[in-house]
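J.: This is the structure I have questions about; it appears just below.
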Amino acid sequence: MTDPNVAADEAARAGAKALQDSNLSAENDTLRLLFTEARTHYGWQVRDVSEETLQALYDIAKMGPTSMNQQPMRVVFIRTEEAKDRLEPCLMDANRPKMRTAPVTAIIAYDLNFWEELPQLFPPNPAALDIFKNNSTAAEVNAFRNGTLQGAYFMLAARAVGLDVGAMSGFDNAKVDEEFFHGTSLKSNFLVNLGYADTSKIFRRLPRLSYGDVCQTL
């Protein structure tokens with residue numbers, strides 16, 4: 001009888017080879033949507049975001065790579081007026097109207113106990129959780145790093161499903177953690193407003209550093 005893990009590995013390699021051989025690259029419209037013409041938004045249309053759209057967003061974002069397939073990101077979608085009332089006192093004054101008018105605000109968090117899921121998520125090494133179980137420093141470093149990576153995938157996935165994005169870091173993490181994650185192993189990272197933008201609220205694009213400013217080849 002064929003080992004199902006061996007068969008799954010062979011199928012994965014065949015799929016990766018087929019994708020490689022297809023010579024796919026992103027079309028210009030995709031690059032415009034995700035990067036070159038995408039903007040951070042501050043105002044929002046009065047237009048609902050469906051639960052199906054949020055699920056489609058996550059189902060794309062979850063496919064982004066993380067170390068040992070850790071997947072420490074956790075998300076709380078703030079949609080109701082009651083939930084917004086809870087979140088508003090945690091925000092800087094300038095960010096409160098941005099959150100109140102957005103159809104959805106996602107609290108992007110990470111789970112310090114992500115390692116509990118590793119036997120399921122990283123079956124090639126059943127003992128992987130032992131690396132982090134009794135090492136809180138390693139767990140926190142990995143949770144924050146990979147949770148932040150997943151937060152970036154989350155924003156790109158939001159654009160990919162047709163949503164506009166406005167990420168925010170102007171808030172009190174400790175207050176958010178106390179209000180939404182008290183007694184849990186979750187910690188807030190940053191916030192992402194989601195919806196369909198009121199484009200009259202944006203301003204000129206700010207400069208980016210050049211390749212020469214940032215990159216070197218050794």
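Labels for the structure tokens follow display order: chains A, B, ..., residues from 1 in each chain, ligands from 1.
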At a cut-off of 12 Å, can you tabulate as a tab-separated table every residue of segment 8-87 of chain A near segment 154-160 of chain A together with its closest atom pair and the distance in Å to one decimal, using only C-alpha atoms and ordering rows by chain then number?

T.:
residue	atom	partner	partner_atom	distance
A:Asp29	CA	A:Ala160	CA	11.1
A:Thr30	CA	A:Ala160	CA	8.2
A:Leu31	CA	A:Ala160	CA	10.2
A:Arg32	CA	A:Arg159	CA	10.3
A:Leu33	CA	A:Arg159	CA	6.7
A:Leu34	CA	A:Arg159	CA	6.0
A:Phe35	CA	A:Leu156	CA	8.4
A:Glu37	CA	A:Arg159	CA	11.1
A:Ala38	CA	A:Arg159	CA	8.1
A:Arg39	CA	A:Arg159	CA	9.9
A:Thr40	CA	A:Met155	CA	10.3
A:His41	CA	A:Arg159	CA	11.7
A:Val49	CA	A:Ala158	CA	11.1
A:Thr53	CA	A:Ala158	CA	8.7
A:Leu54	CA	A:Ala158	CA	8.0
A:Gln55	CA	A:Ala158	CA	10.2
A:Ala56	CA	A:Ala157	CA	8.5
A:Leu57	CA	A:Ala157	CA	5.3
A:Tyr58	CA	A:Phe154	CA	6.9
A:Asp59	CA	A:Ala157	CA	8.6
A:Ile60	CA	A:Ala157	CA	5.9
A:Ala61	CA	A:Phe154	CA	5.0
A:Lys62	CA	A:Phe154	CA	8.0
A:Met63	CA	A:Ala157	CA	10.0
A:Gly64	CA	A:Phe154	CA	9.0
A:Met73	CA	A:Phe154	CA	9.7
A:Arg74	CA	A:Phe154	CA	10.8
A:Val75	CA	A:Phe154	CA	9.8

J.: Which distance in Å separates atom CA of Tyr110 of chain A and atom CA of Thr148 of chain A, to one decimal?

T.: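 These two atoms are separated by 8.1 Å.
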
J.: Please identify all polymer residues within 12 Å of Arg96 of chain A, counting only C-alpha atoms, omitting same-chain residues fewer than 5 positions from it, and present them as a count of residues only.

T.: 19

J.: Tell me, which residues of segment 30-182 of chain A carry DSSP strand (DSSP E or B), written as a PyMOL selection string?

T.: chain A and resi 40+44+73-78+91+104-111+164-168+171

J.: Give the helix (DSSP H, G or I) residues of segment 18-217 of chain A, as assigned by DSSP on the backbone, as a ChimeraX atom specification.

T.: /A:18-21,28-36,51-61,67-69,81-90,93-101,114-121,130-133,136-160,173-180,199-201,211-214

J.: Could you tell me which of A:Pro65, A:Gln20, A:Pro124, A:Asn113 comes closest to Val6 of chain A if we count only C-alpha atoms?

T.: A:Pro124

J.: Could you check which of A:Thr137, A:Gln216, A:Gln45, A:Ser188 is closest to Ala106 of chain A, using only C-alpha atoms?

T.: A:Ser188

J.: Which residues are near Asn142 of chain A? Cut-off 10 Å, only C-alpha atoms, ignore same chain within fewer than 3 positions. Put them as an NGL selection string.

T.: :A and (66-68 or 70-72 or 110-112 or 114-115 or 132 or 136-139 or 145-148)
